[in-house]
Each structure stands twice: as C-alpha cells, then as structure tokens.
Amino acid sequence: MMRRLDQLLANLGYCSRSEAREWIRAGRVTIRGVATDDFGAKAQAADVLVDGAPLDYPDGLLLIVHKPLGLVCSHEEREGPNVYSLLPERWRRRNPVVTSVGRLDKDTSGLLLLTDQSELVHRLTSPKHKVPKIYRATLERDLDPAIVALFAGGTLQLEGEKLPCVPAELKILGPRVAELTLTEGKYHQVRRMFAAAGNTVLTLHRRRFGHLELGELPVGQWRELPLVTFG
Ligand code: URA
C-alpha cells in the first residue's frame with residue numbers, strides 16, 4: 001500500500017504531521033535511498049528510511065506482555081498507571097492506537113496481548129471464536145469439588161449479565177489453588193464466578209491465551225509477535 005510520507009511518520013508515532021513535514025524538508029527521510037522534500041509524496045513503508053533507519057513496524061504491532069500487578073489496561077489517565085507505560089514512547093503515539101486484546105484487572109498479572117490491529121482484537125475477544133484463556137487463582141477458602149460441575153454446567157448466572165457463563169473447565173490443583181479455562185471474557189469474570197460459588201479470589205494470574213504462554217518473559221517485559229501468530 002502506498003502511503004503519504006507525512007501521514008506515515010505521524011501515524012507511526014515519530015512526530016506530529018507538521019514536524020514530519022519539517023523532517024522531510026530537512027532531508028531526513030528517503031524513499032529507496034533518495035531524499036525527497038515532497039512531504040505529500042507517496043511510498044511503500046518498506047522503501048522509507050528516517051535518519052537512515054527503516055520504519056518501526058509499519059504494517060502493525062502485536063506484542064505479548066507479562067503484565068505486572070498494579071497497572072490498568074485502560075487508556076484513561078484517571079484510572080491510574082497503565083500497561084502502555086511499559087512500551088516505547090513512539091508506540092504510545094501510534095494511530096491506530098495500540099490497545100489490549102481484552103483486559104486484565106489492575107490486580108491481575110500475566111499474559112496480555114497488545115496490538116494496533118482492531119480486526120485481531122475483535123477476533124480474539126469475540127466469544128464466538130472460543131479462544132481459551134487459562135487463569136490460575138488462589139482462593140480464600142478451601143475449594144468445594146462441587147464447583148467443578150457448577151462451572152462446567154453452562155448455567156451459572158452472574159448478576160447483571162443477560163446470559164449465563166458458557167461451560168468453563170476448572171482444575172483443582174490444591175486446597176486453595178485452581179486453574180480455570182474461559183472462552184469468553186465478561187467483566188471480572190473469574191472473580192465473579194468464584195464469588196457466585198461462595199469463595200473469594202486472592203490472587204489471579206493469566207498463564208495462557210490461545211496457544212500462547214509467557215515462557216521466560218520477565219514481569220513487566222514484552223516481546224513482538226509476528227502479525228500472523230493467530231493465522
Ligand atoms: N477475570 C477477572 O476477574 N479478572 C481478570 O483480570 C481476568 C478475568
């Protein structure tokens with residue numbers, strides 16, 4: 001796809017559109033190795049260099065993040081420090097904006113995906129596509145084995161929701177530790193499901209999203225994934 005130079009730089013978060021025009025006039029931008037002073041010129045992103053360097057992920061970003069506790073997934077400043085603060089400044093200025101694929105609560109750690117591909121967000125969060133997400137929870141009280149059938153039944157109704165929770169698999173790993181696999185993502189769903197069963201989640205960590213796991217990725221770090229990761 002051919003894109004206008006000033007728009008391309010601004011959308012990739014390099015600078016404002018007017019600054020981009022100055023950069024271009026100053027000869028900092030080349031197309032196939034040739035400097036141009038025409039900021040309206042159109043080019044393939046792969047042919048463009050800024051200060052001699054290729055453009056930063058011009059075709060889109062998909063990141064896997066090990067979310068720490070204490071950060072929100074909202075962009076709203078009022079809601080406190082957010083996961084986007086972990087990213088390079090330039091990525092935080094991109095348009096389309098880099099956003100989370102679904103959300104993890106401030107008090108939840110673990111695997112979070114960030115992307116600027118809205119179609120991917122839609123595909124991965126729509127309950128229709130049934131992407132499994134695995135959460136490890138520690139609980140305040142001993143787990144009653146009957147909760148396995150309750151979560152698997154497909155009839156558990158959470159307050160304020162139109163539809164019951166779709167069947168979810170619970171594996172009890174210890175008296176107060178369990179892993180829950182969800183294929184949907186209602187607001188605070190894991191905490192509310194355990195609350196509906198008379199227990200309280202003390203800690204919550206998402207360890208798997210679809211076929212992805214965090215592996216050795218340290219808390220607070222991210223790594224780029226190929227855009228084709230989900231086919
Ligand atoms: N369910 C929750 O309750 N919290 C999360 O962060 C994710 C799922």
# chains A, B, ... in the order shown; residues from 1 in each chain; ligands from 1

call {"tool": "closest_atom_pairs", "arguments": {"of": "stretch 194-227 of chain A", "to": "stretch 78-101 of chain A", "cutoff": "10 Å", "atoms": "only C-alpha atoms", "output": "CSV"}}
result
residue,atom,partner,partner_atom,distance
A:Gly220,CA,A:Leu86,CA,6.8
A:Gln221,CA,A:Leu86,CA,7.4
A:Trp222,CA,A:Leu87,CA,8.1

call {"tool": "residues_around", "arguments": {"residues": "stretch 161-168 of chain A", "least_positions_apart": "5", "cutoff": "8 Å", "atoms": "only C-alpha atoms", "output": "list in words"}}
result
Phe151, Ala152, Gly153, Gly154, Thr155, Leu156, Leu180, Thr181, Leu182, Thr183 and Glu184 of chain A

call {"tool": "write_last_selection", "arguments": {"atoms": "all heavy atoms", "output": "PDB file, in the first residue's frame"}}
result
ATOM      1  N   PHE A 151     -19.197 -24.830  37.388  1.00  0.00           N
ATOM      2  CA  PHE A 151     -18.584 -24.031  36.324  1.00  0.00           C
ATOM      3  C   PHE A 151     -18.732 -24.700  34.946  1.00  0.00           C
ATOM      4  O   PHE A 151     -18.775 -24.023  33.929  1.00  0.00           O
ATOM      5  CB  PHE A 151     -17.098 -23.790  36.626  1.00  0.00           C
ATOM      6  CG  PHE A 151     -16.831 -22.793  37.733  1.00  0.00           C
ATOM      7  CD1 PHE A 151     -17.868 -22.178  38.423  1.00  0.00           C
ATOM      8  CD2 PHE A 151     -15.523 -22.466  38.079  1.00  0.00           C
ATOM      9  CE1 PHE A 151     -17.618 -21.251  39.437  1.00  0.00           C
ATOM     10  CE2 PHE A 151     -15.259 -21.536  39.090  1.00  0.00           C
ATOM     11  CZ  PHE A 151     -16.309 -20.940  39.780  1.00  0.00           C
ATOM     12  N   ALA A 152     -18.792 -26.014  34.947  1.00  0.00           N
ATOM     13  CA  ALA A 152     -18.873 -26.744  33.666  1.00  0.00           C
ATOM     14  C   ALA A 152     -20.296 -26.787  33.114  1.00  0.00           C
ATOM     15  O   ALA A 152     -20.509 -27.111  31.944  1.00  0.00           O
ATOM     16  CB  ALA A 152     -18.352 -28.170  33.844  1.00  0.00           C
ATOM     17  N   GLY A 153     -21.264 -26.431  33.968  1.00  0.00           N
ATOM     18  CA  GLY A 153     -22.663 -26.669  33.621  1.00  0.00           C
ATOM     19  C   GLY A 153     -23.267 -25.769  32.566  1.00  0.00           C
ATOM     20  O   GLY A 153     -24.259 -26.117  31.933  1.00  0.00           O
ATOM     21  N   GLY A 154     -22.703 -24.570  32.408  1.00  0.00           N
ATOM     22  CA  GLY A 154     -23.261 -23.648  31.418  1.00  0.00           C
ATOM     23  C   GLY A 154     -24.524 -22.945  31.899  1.00  0.00           C
ATOM     24  O   GLY A 154     -25.253 -22.356  31.088  1.00  0.00           O
ATOM     25  N   THR A 155     -24.782 -22.989  33.200  1.00  0.00           N
ATOM     26  CA  THR A 155     -25.997 -22.339  33.718  1.00  0.00           C
ATOM     27  C   THR A 155     -25.671 -21.280  34.772  1.00  0.00           C
ATOM     28  O   THR A 155     -26.577 -20.623  35.283  1.00  0.00           O
ATOM     29  CB  THR A 155     -26.942 -23.378  34.372  1.00  0.00           C
ATOM     30  OG1 THR A 155     -26.206 -24.050  35.397  1.00  0.00           O
ATOM     31  CG2 THR A 155     -27.467 -24.376  33.361  1.00  0.00           C
ATOM     32  N   LEU A 156     -24.410 -21.109  35.102  1.00  0.00           N
ATOM     33  CA  LEU A 156     -24.048 -20.160  36.172  1.00  0.00           C
ATOM     34  C   LEU A 156     -24.358 -18.735  35.717  1.00  0.00           C
ATOM     35  O   LEU A 156     -23.783 -18.221  34.753  1.00  0.00           O
ATOM     36  CB  LEU A 156     -22.559 -20.311  36.513  1.00  0.00           C
ATOM     37  CG  LEU A 156     -22.031 -19.385  37.608  1.00  0.00           C
ATOM     38  CD1 LEU A 156     -22.725 -19.655  38.944  1.00  0.00           C
ATOM     39  CD2 LEU A 156     -20.522 -19.542  37.751  1.00  0.00           C
ATOM     40  N   LEU A 180      -8.637 -22.124  35.868  1.00  0.00           N
ATOM     41  CA  LEU A 180      -9.930 -22.022  35.191  1.00  0.00           C
ATOM     42  C   LEU A 180      -9.692 -21.648  33.736  1.00  0.00           C
ATOM     43  O   LEU A 180      -8.945 -20.705  33.446  1.00  0.00           O
ATOM     44  CB  LEU A 180     -10.773 -20.945  35.888  1.00  0.00           C
ATOM     45  CG  LEU A 180     -12.183 -20.711  35.347  1.00  0.00           C
ATOM     46  CD1 LEU A 180     -13.034 -21.977  35.460  1.00  0.00           C
ATOM     47  CD2 LEU A 180     -12.864 -19.569  36.111  1.00  0.00           C
ATOM     48  N   THR A 181     -10.313 -22.398  32.823  1.00  0.00           N
ATOM     49  CA  THR A 181     -10.213 -22.082  31.390  1.00  0.00           C
ATOM     50  C   THR A 181     -11.518 -21.442  30.939  1.00  0.00           C
ATOM     51  O   THR A 181     -12.581 -22.061  31.031  1.00  0.00           O
ATOM     52  CB  THR A 181      -9.958 -23.370  30.576  1.00  0.00           C
ATOM     53  OG1 THR A 181      -8.776 -24.003  31.081  1.00  0.00           O
ATOM     54  CG2 THR A 181      -9.766 -23.056  29.104  1.00  0.00           C
ATOM     55  N   LEU A 182     -11.404 -20.218  30.452  1.00  0.00           N
ATOM     56  CA  LEU A 182     -12.578 -19.487  29.951  1.00  0.00           C
ATOM     57  C   LEU A 182     -12.462 -19.293  28.452  1.00  0.00           C
ATOM     58  O   LEU A 182     -11.364 -19.073  27.937  1.00  0.00           O
ATOM     59  CB  LEU A 182     -12.664 -18.089  30.587  1.00  0.00           C
ATOM     60  CG  LEU A 182     -12.895 -17.978  32.085  1.00  0.00           C
ATOM     61  CD1 LEU A 182     -13.078 -16.504  32.465  1.00  0.00           C
ATOM     62  CD2 LEU A 182     -14.107 -18.785  32.517  1.00  0.00           C
ATOM     63  N   THR A 183     -13.601 -19.311  27.764  1.00  0.00           N
ATOM     64  CA  THR A 183     -13.585 -19.000  26.328  1.00  0.00           C
ATOM     65  C   THR A 183     -14.382 -17.728  26.050  1.00  0.00           C
ATOM     66  O   THR A 183     -14.731 -17.433  24.920  1.00  0.00           O
ATOM     67  CB  THR A 183     -14.178 -20.155  25.500  1.00  0.00           C
ATOM     68  OG1 THR A 183     -15.485 -20.439  25.999  1.00  0.00           O
ATOM     69  CG2 THR A 183     -13.318 -21.398  25.575  1.00  0.00           C
ATOM     70  N   GLU A 184     -14.694 -17.012  27.102  1.00  0.00           N
ATOM     71  CA  GLU A 184     -15.346 -15.706  26.958  1.00  0.00           C
ATOM     72  C   GLU A 184     -14.672 -14.766  27.951  1.00  0.00           C
ATOM     73  O   GLU A 184     -13.739 -15.165  28.649  1.00  0.00           O
ATOM     74  CB  GLU A 184     -16.856 -15.824  27.236  1.00  0.00           C
ATOM     75  CG  GLU A 184     -17.141 -16.427  28.592  1.00  0.00           C
ATOM     76  CD  GLU A 184     -18.620 -16.541  28.912  1.00  0.00           C
ATOM     77  OE1 GLU A 184     -19.446 -15.959  28.193  1.00  0.00           O
ATOM     78  OE2 GLU A 184     -18.937 -17.208  29.901  1.00  0.00           O
TER      79      GLU A 184
END

call {"tool": "closest_residue", "arguments": {"among": "A:Thr229, A:Gln7, A:Arg192, A:Asp105", "to": "A:Lys42", "atoms": "only C-alpha atoms"}}
result
A:Gln7

call {"tool": "closest_atom_pairs", "arguments": {"of": "chain A", "to": "ligand 1", "cutoff": "10 Å", "atoms": "only C-alpha atoms and all ligand atoms", "output": "Markdown table"}}
result
| residue | atom | partner | partner_atom_place_in_ligand_line | distance |
| --- | --- | --- | --- | --- |
| A:Val72 | CA | ligand 1 | 6 (O) | 9.6 |
| A:Cys73 | CA | ligand 1 | 6 (O) | 9.6 |
| A:Gly102 | CA | ligand 1 | 7 (C) | 8.8 |
| A:Arg103 | CA | ligand 1 | 6 (O) | 6.3 |
| A:Leu104 | CA | ligand 1 | 6 (O) | 3.4 |
| A:Asp105 | CA | ligand 1 | 6 (O) | 3.8 |
| A:Lys106 | CA | ligand 1 | 6 (O) | 7.1 |
| A:Asp107 | CA | ligand 1 | 6 (O) | 7.0 |
| A:Thr108 | CA | ligand 1 | 6 (O) | 4.8 |
| A:Ser109 | CA | ligand 1 | 6 (O) | 7.6 |
| A:Gly110 | CA | ligand 1 | 6 (O) | 9.0 |
| A:Leu112 | CA | ligand 1 | 6 (O) | 9.8 |
| A:Lys133 | CA | ligand 1 | 8 (C) | 8.9 |
| A:Ile134 | CA | ligand 1 | 8 (C) | 9.3 |
| A:Tyr135 | CA | ligand 1 | 8 (C) | 7.4 |
| A:Ala137 | CA | ligand 1 | 3 (O) | 9.6 |
| A:Leu180 | CA | ligand 1 | 8 (C) | 9.7 |
| A:Leu182 | CA | ligand 1 | 8 (C) | 8.5 |
| A:Glu184 | CA | ligand 1 | 8 (C) | 9.3 |
| A:Gly185 | CA | ligand 1 | 8 (C) | 6.6 |
| A:Lys186 | CA | ligand 1 | 1 (N) | 7.4 |
| A:Tyr187 | CA | ligand 1 | 1 (N) | 6.7 |
| A:His188 | CA | ligand 1 | 3 (O) | 3.2 |
| A:Gln189 | CA | ligand 1 | 1 (N) | 4.1 |
| A:Val190 | CA | ligand 1 | 1 (N) | 3.8 |
| A:Arg191 | CA | ligand 1 | 3 (O) | 4.0 |
| A:Arg192 | CA | ligand 1 | 3 (O) | 6.3 |
| A:Met193 | CA | ligand 1 | 3 (O) | 8.1 |
| A:Phe194 | CA | ligand 1 | 3 (O) | 9.0 |
| A:Ala195 | CA | ligand 1 | 3 (O) | 9.9 |
| A:Val201 | CA | ligand 1 | 3 (O) | 8.3 |
| A:Thr203 | CA | ligand 1 | 4 (N) | 9.7 |
| A:Leu204 | CA | ligand 1 | 4 (N) | 7.1 |
| A:His205 | CA | ligand 1 | 6 (O) | 7.8 |
| A:Arg206 | CA | ligand 1 | 7 (C) | 7.3 |

call {"tool": "atom_distance", "arguments": {"atom1": "atom CA of A:Thr125", "atom2": "atom CA of A:Gly70"}}
result
22.6 Å

call {"tool": "residues_around", "arguments": {"residues": "A:Pro54", "least_positions_apart": "3", "cutoff": "12 Å", "atoms": "only C-alpha atoms", "output": "list of chain:residue names"}}
result
A:Leu9, A:Leu12, A:Arg28, A:Val29, A:Thr30, A:Ile31, A:Arg32, A:Gly33, A:Gln44, A:Ala45, A:Ala46, A:Asp47, A:Val48, A:Leu49, A:Val50, A:Asp51, A:Tyr57, A:Pro58

call {"tool": "select_by_dssp", "arguments": {"residues": "stretch 92-220 of chain A", "states": "helix (DSSP H, G or I)", "output": "list in words"}}
result
Arg92, Ser118, Glu119, Leu120, Val121, His122, Arg123, Leu124, Thr125, Pro127, Lys128, His129, Ala146, Ile147, Val148, Ala149, Leu150, Phe151, Ala152, Gln189, Val190, Arg191, Arg192, Met193, Phe194, Ala195 and Ala196 of chain A

call {"tool": "select_by_dssp", "arguments": {"residues": "stretch 47-122 of chain A", "states": "strand (DSSP E or B)", "output": "compact mmCIF listing (two decimals) with N, CA, C and O atoms, in the first residue's frame"}}
result
# COMPACT_ATOMS: atom_id res chain seq x y z
N VAL A 48 10.96 3.34 2.85
CA VAL A 48 11.23 4.62 3.52
C VAL A 48 12.24 4.43 4.66
O VAL A 48 12.13 3.49 5.45
N LEU A 49 13.22 5.33 4.72
CA LEU A 49 14.15 5.37 5.86
C LEU A 49 14.03 6.74 6.53
O LEU A 49 13.86 7.75 5.85
N VAL A 50 14.14 6.74 7.85
CA VAL A 50 14.21 8.01 8.59
C VAL A 50 15.56 8.03 9.27
O VAL A 50 15.89 7.10 10.02
N ALA A 53 17.34 4.83 9.04
CA ALA A 53 16.83 3.59 9.65
C ALA A 53 15.44 3.24 9.10
O ALA A 53 14.63 4.13 8.85
N PRO A 54 15.17 1.94 8.93
CA PRO A 54 13.84 1.53 8.46
C PRO A 54 12.75 1.95 9.44
O PRO A 54 13.03 2.13 10.64
N LEU A 62 2.00 -6.49 17.14
CA LEU A 62 1.36 -7.45 18.04
C LEU A 62 2.40 -7.80 19.09
O LEU A 62 3.51 -8.22 18.76
N LEU A 63 2.06 -7.56 20.35
CA LEU A 63 3.02 -7.75 21.44
C LEU A 63 2.44 -8.69 22.48
O LEU A 63 1.23 -8.63 22.78
N ILE A 64 3.30 -9.52 23.05
CA ILE A 64 2.92 -10.31 24.22
C ILE A 64 3.60 -9.62 25.41
O ILE A 64 4.79 -9.30 25.36
N VAL A 65 2.82 -9.37 26.45
CA VAL A 65 3.31 -8.64 27.61
C VAL A 65 3.11 -9.49 28.86
O VAL A 65 2.05 -10.14 28.99
N HIS A 66 4.08 -9.47 29.75
CA HIS A 66 3.88 -10.08 31.07
C HIS A 66 3.40 -8.95 31.99
O HIS A 66 4.21 -8.19 32.51
N LYS A 67 2.11 -8.86 32.13
CA LYS A 67 1.53 -7.74 32.88
C LYS A 67 1.84 -7.86 34.37
O LYS A 67 1.56 -8.88 34.99
N VAL A 72 -3.40 -0.75 34.89
CA VAL A 72 -4.70 -0.97 34.25
C VAL A 72 -4.52 -1.09 32.74
O VAL A 72 -3.49 -0.67 32.19
N ASN A 82 -0.92 2.75 33.52
CA ASN A 82 -1.43 1.70 32.62
C ASN A 82 -0.31 0.89 31.96
O ASN A 82 0.87 1.24 32.04
N THR A 99 -3.64 -1.12 21.66
CA THR A 99 -4.61 -1.36 22.73
C THR A 99 -4.55 -2.82 23.17
O THR A 99 -3.97 -3.65 22.49
N SER A 100 -5.14 -3.13 24.32
CA SER A 100 -5.06 -4.51 24.81
C SER A 100 -6.14 -5.37 24.14
O SER A 100 -7.21 -4.89 23.79
N THR A 108 -4.67 -8.22 38.50
CA THR A 108 -4.37 -9.49 37.83
C THR A 108 -3.05 -9.36 37.10
O THR A 108 -2.79 -8.34 36.46
N SER A 109 -2.22 -10.39 37.19
CA SER A 109 -0.95 -10.40 36.45
C SER A 109 -1.07 -11.39 35.30
O SER A 109 -2.05 -12.12 35.19
N GLY A 110 -0.04 -11.40 34.45
CA GLY A 110 0.03 -12.48 33.45
C GLY A 110 0.01 -12.03 32.02
O GLY A 110 0.34 -10.90 31.68
N LEU A 111 -0.40 -12.98 31.18
CA LEU A 111 -0.27 -12.82 29.73
C LEU A 111 -1.32 -11.88 29.15
O LEU A 111 -2.52 -12.14 29.23
N LEU A 112 -0.81 -10.81 28.55
CA LEU A 112 -1.68 -9.82 27.92
C LEU A 112 -1.15 -9.57 26.52
O LEU A 112 0.07 -9.46 26.32
N LEU A 113 -2.07 -9.48 25.56
CA LEU A 113 -1.66 -9.12 24.19
C LEU A 113 -2.01 -7.67 23.94
O LEU A 113 -3.06 -7.19 24.37
N LEU A 114 -1.11 -6.98 23.25
CA LEU A 114 -1.37 -5.61 22.82
C LEU A 114 -1.21 -5.56 21.31
O LEU A 114 -0.32 -6.20 20.75
N THR A 115 -2.08 -4.78 20.66
CA THR A 115 -1.98 -4.68 19.21
C THR A 115 -2.63 -3.39 18.71
O THR A 115 -3.45 -2.79 19.42

call {"tool": "atom_distance", "arguments": {"atom1": "atom CA of A:Arg136", "atom2": "atom CA of A:Ala197"}}
result
16.5 Å

call {"tool": "atom_distance", "arguments": {"atom1": "atom CA of A:Pro145", "atom2": "atom CA of A:Leu212"}}
result
28.4 Å

call {"tool": "closest_residue", "arguments": {"among": "A:Glu19, A:Asp6, A:Glu224, A:Asp59", "to": "A:Gln117", "atoms": "only C-alpha atoms"}}
result
A:Asp59

call {"tool": "closest_residue", "arguments": {"among": "A:Met1, A:Leu173, A:Ala43, A:Pro132", "to": "A:Arg207", "atoms": "only C-alpha atoms"}}
result
A:Pro132

call {"tool": "decode", "arguments": {"residues": "stretch 164-175 of chain A", "atoms": "all heavy atoms", "output": "PDB file, in the first residue's frame"}}
result
ATOM      1  N   PRO A 164     -26.006 -16.751  30.853  1.00  0.00           N
ATOM      2  CA  PRO A 164     -25.173 -17.481  31.815  1.00  0.00           C
ATOM      3  C   PRO A 164     -23.753 -17.659  31.270  1.00  0.00           C
ATOM      4  O   PRO A 164     -23.527 -17.507  30.070  1.00  0.00           O
ATOM      5  CB  PRO A 164     -25.880 -18.829  31.952  1.00  0.00           C
ATOM      6  CG  PRO A 164     -26.726 -18.966  30.743  1.00  0.00           C
ATOM      7  CD  PRO A 164     -27.045 -17.590  30.242  1.00  0.00           C
ATOM      8  N   CYS A 165     -22.824 -18.012  32.150  1.00  0.00           N
ATOM      9  CA  CYS A 165     -21.447 -18.269  31.707  1.00  0.00           C
ATOM     10  C   CYS A 165     -21.445 -19.531  30.849  1.00  0.00           C
ATOM     11  O   CYS A 165     -22.107 -20.525  31.208  1.00  0.00           O
ATOM     12  CB  CYS A 165     -20.533 -18.507  32.909  1.00  0.00           C
ATOM     13  SG  CYS A 165     -20.406 -17.095  34.000  1.00  0.00           S
ATOM     14  N   VAL A 166     -20.684 -19.493  29.773  1.00  0.00           N
ATOM     15  CA  VAL A 166     -20.579 -20.718  28.974  1.00  0.00           C
ATOM     16  C   VAL A 166     -19.745 -21.723  29.782  1.00  0.00           C
ATOM     17  O   VAL A 166     -18.986 -21.332  30.670  1.00  0.00           O
ATOM     18  CB  VAL A 166     -19.956 -20.464  27.570  1.00  0.00           C
ATOM     19  CG1 VAL A 166     -20.799 -19.496  26.768  1.00  0.00           C
ATOM     20  CG2 VAL A 166     -18.531 -20.002  27.665  1.00  0.00           C
ATOM     21  N   PRO A 167     -19.889 -23.021  29.489  1.00  0.00           N
ATOM     22  CA  PRO A 167     -19.165 -24.016  30.283  1.00  0.00           C
ATOM     23  C   PRO A 167     -17.668 -23.700  30.365  1.00  0.00           C
ATOM     24  O   PRO A 167     -17.048 -23.344  29.362  1.00  0.00           O
ATOM     25  CB  PRO A 167     -19.422 -25.320  29.518  1.00  0.00           C
ATOM     26  CG  PRO A 167     -20.731 -25.095  28.839  1.00  0.00           C
ATOM     27  CD  PRO A 167     -20.734 -23.635  28.455  1.00  0.00           C
ATOM     28  N   ALA A 168     -17.132 -23.802  31.580  1.00  0.00           N
ATOM     29  CA  ALA A 168     -15.721 -23.498  31.812  1.00  0.00           C
ATOM     30  C   ALA A 168     -15.097 -24.649  32.590  1.00  0.00           C
ATOM     31  O   ALA A 168     -15.735 -25.217  33.490  1.00  0.00           O
ATOM     32  CB  ALA A 168     -15.598 -22.200  32.612  1.00  0.00           C
ATOM     33  N   GLU A 169     -13.860 -24.971  32.218  1.00  0.00           N
ATOM     34  CA  GLU A 169     -13.197 -26.105  32.874  1.00  0.00           C
ATOM     35  C   GLU A 169     -12.400 -25.632  34.087  1.00  0.00           C
ATOM     36  O   GLU A 169     -11.567 -24.722  33.968  1.00  0.00           O
ATOM     37  CB  GLU A 169     -12.257 -26.787  31.878  1.00  0.00           C
ATOM     38  CG  GLU A 169     -11.656 -28.066  32.444  1.00  0.00           C
ATOM     39  CD  GLU A 169     -10.524 -28.635  31.587  1.00  0.00           C
ATOM     40  OE1 GLU A 169     -10.270 -28.085  30.503  1.00  0.00           O
ATOM     41  OE2 GLU A 169      -9.904 -29.605  32.029  1.00  0.00           O
ATOM     42  N   LEU A 170     -12.648 -26.240  35.222  1.00  0.00           N
ATOM     43  CA  LEU A 170     -11.887 -25.909  36.432  1.00  0.00           C
ATOM     44  C   LEU A 170     -11.054 -27.115  36.837  1.00  0.00           C
ATOM     45  O   LEU A 170     -11.584 -28.225  36.971  1.00  0.00           O
ATOM     46  CB  LEU A 170     -12.828 -25.535  37.584  1.00  0.00           C
ATOM     47  CG  LEU A 170     -12.104 -25.097  38.858  1.00  0.00           C
ATOM     48  CD1 LEU A 170     -11.480 -23.719  38.682  1.00  0.00           C
ATOM     49  CD2 LEU A 170     -13.040 -25.099  40.067  1.00  0.00           C
ATOM     50  N   LYS A 171      -9.753 -26.870  37.043  1.00  0.00           N
ATOM     51  CA  LYS A 171      -8.878 -27.936  37.558  1.00  0.00           C
ATOM     52  C   LYS A 171      -8.462 -27.519  38.957  1.00  0.00           C
ATOM     53  O   LYS A 171      -7.843 -26.451  39.115  1.00  0.00           O
ATOM     54  CB  LYS A 171      -7.624 -28.063  36.692  1.00  0.00           C
ATOM     55  CG  LYS A 171      -7.839 -28.831  35.436  1.00  0.00           C
ATOM     56  CD  LYS A 171      -6.488 -29.213  34.829  1.00  0.00           C
ATOM     57  CE  LYS A 171      -6.726 -29.824  33.463  1.00  0.00           C
ATOM     58  NZ  LYS A 171      -5.779 -29.353  32.470  1.00  0.00           N
ATOM     59  N   ILE A 172      -8.766 -28.344  39.920  1.00  0.00           N
ATOM     60  CA  ILE A 172      -8.351 -28.035  41.297  1.00  0.00           C
ATOM     61  C   ILE A 172      -6.939 -28.570  41.491  1.00  0.00           C
ATOM     62  O   ILE A 172      -6.682 -29.766  41.318  1.00  0.00           O
ATOM     63  CB  ILE A 172      -9.350 -28.632  42.307  1.00  0.00           C
ATOM     64  CG1 ILE A 172     -10.713 -27.946  42.105  1.00  0.00           C
ATOM     65  CG2 ILE A 172      -8.850 -28.439  43.736  1.00  0.00           C
ATOM     66  CD1 ILE A 172     -11.811 -28.408  43.043  1.00  0.00           C
ATOM     67  N   LEU A 173      -6.014 -27.682  41.803  1.00  0.00           N
ATOM     68  CA  LEU A 173      -4.597 -28.073  41.894  1.00  0.00           C
ATOM     69  C   LEU A 173      -4.137 -28.230  43.337  1.00  0.00           C
ATOM     70  O   LEU A 173      -3.098 -28.823  43.605  1.00  0.00           O
ATOM     71  CB  LEU A 173      -3.714 -27.031  41.200  1.00  0.00           C
ATOM     72  CG  LEU A 173      -4.029 -26.727  39.728  1.00  0.00           C
ATOM     73  CD1 LEU A 173      -3.103 -25.646  39.199  1.00  0.00           C
ATOM     74  CD2 LEU A 173      -3.901 -27.990  38.876  1.00  0.00           C
ATOM     75  N   GLY A 174      -4.865 -27.647  44.249  1.00  0.00           N
ATOM     76  CA  GLY A 174      -4.519 -27.729  45.663  1.00  0.00           C
ATOM     77  C   GLY A 174      -5.738 -27.264  46.432  1.00  0.00           C
ATOM     78  O   GLY A 174      -6.719 -26.841  45.822  1.00  0.00           O
ATOM     79  N   PRO A 175      -5.690 -27.321  47.789  1.00  0.00           N
ATOM     80  CA  PRO A 175      -6.892 -26.972  48.564  1.00  0.00           C
ATOM     81  C   PRO A 175      -7.429 -25.582  48.199  1.00  0.00           C
ATOM     82  O   PRO A 175      -8.631 -25.381  48.146  1.00  0.00           O
ATOM     83  CB  PRO A 175      -6.407 -27.009  50.008  1.00  0.00           C
ATOM     84  CG  PRO A 175      -5.148 -27.819  50.003  1.00  0.00           C
ATOM     85  CD  PRO A 175      -4.557 -27.732  48.629  1.00  0.00           C
TER      86      PRO A 175
END
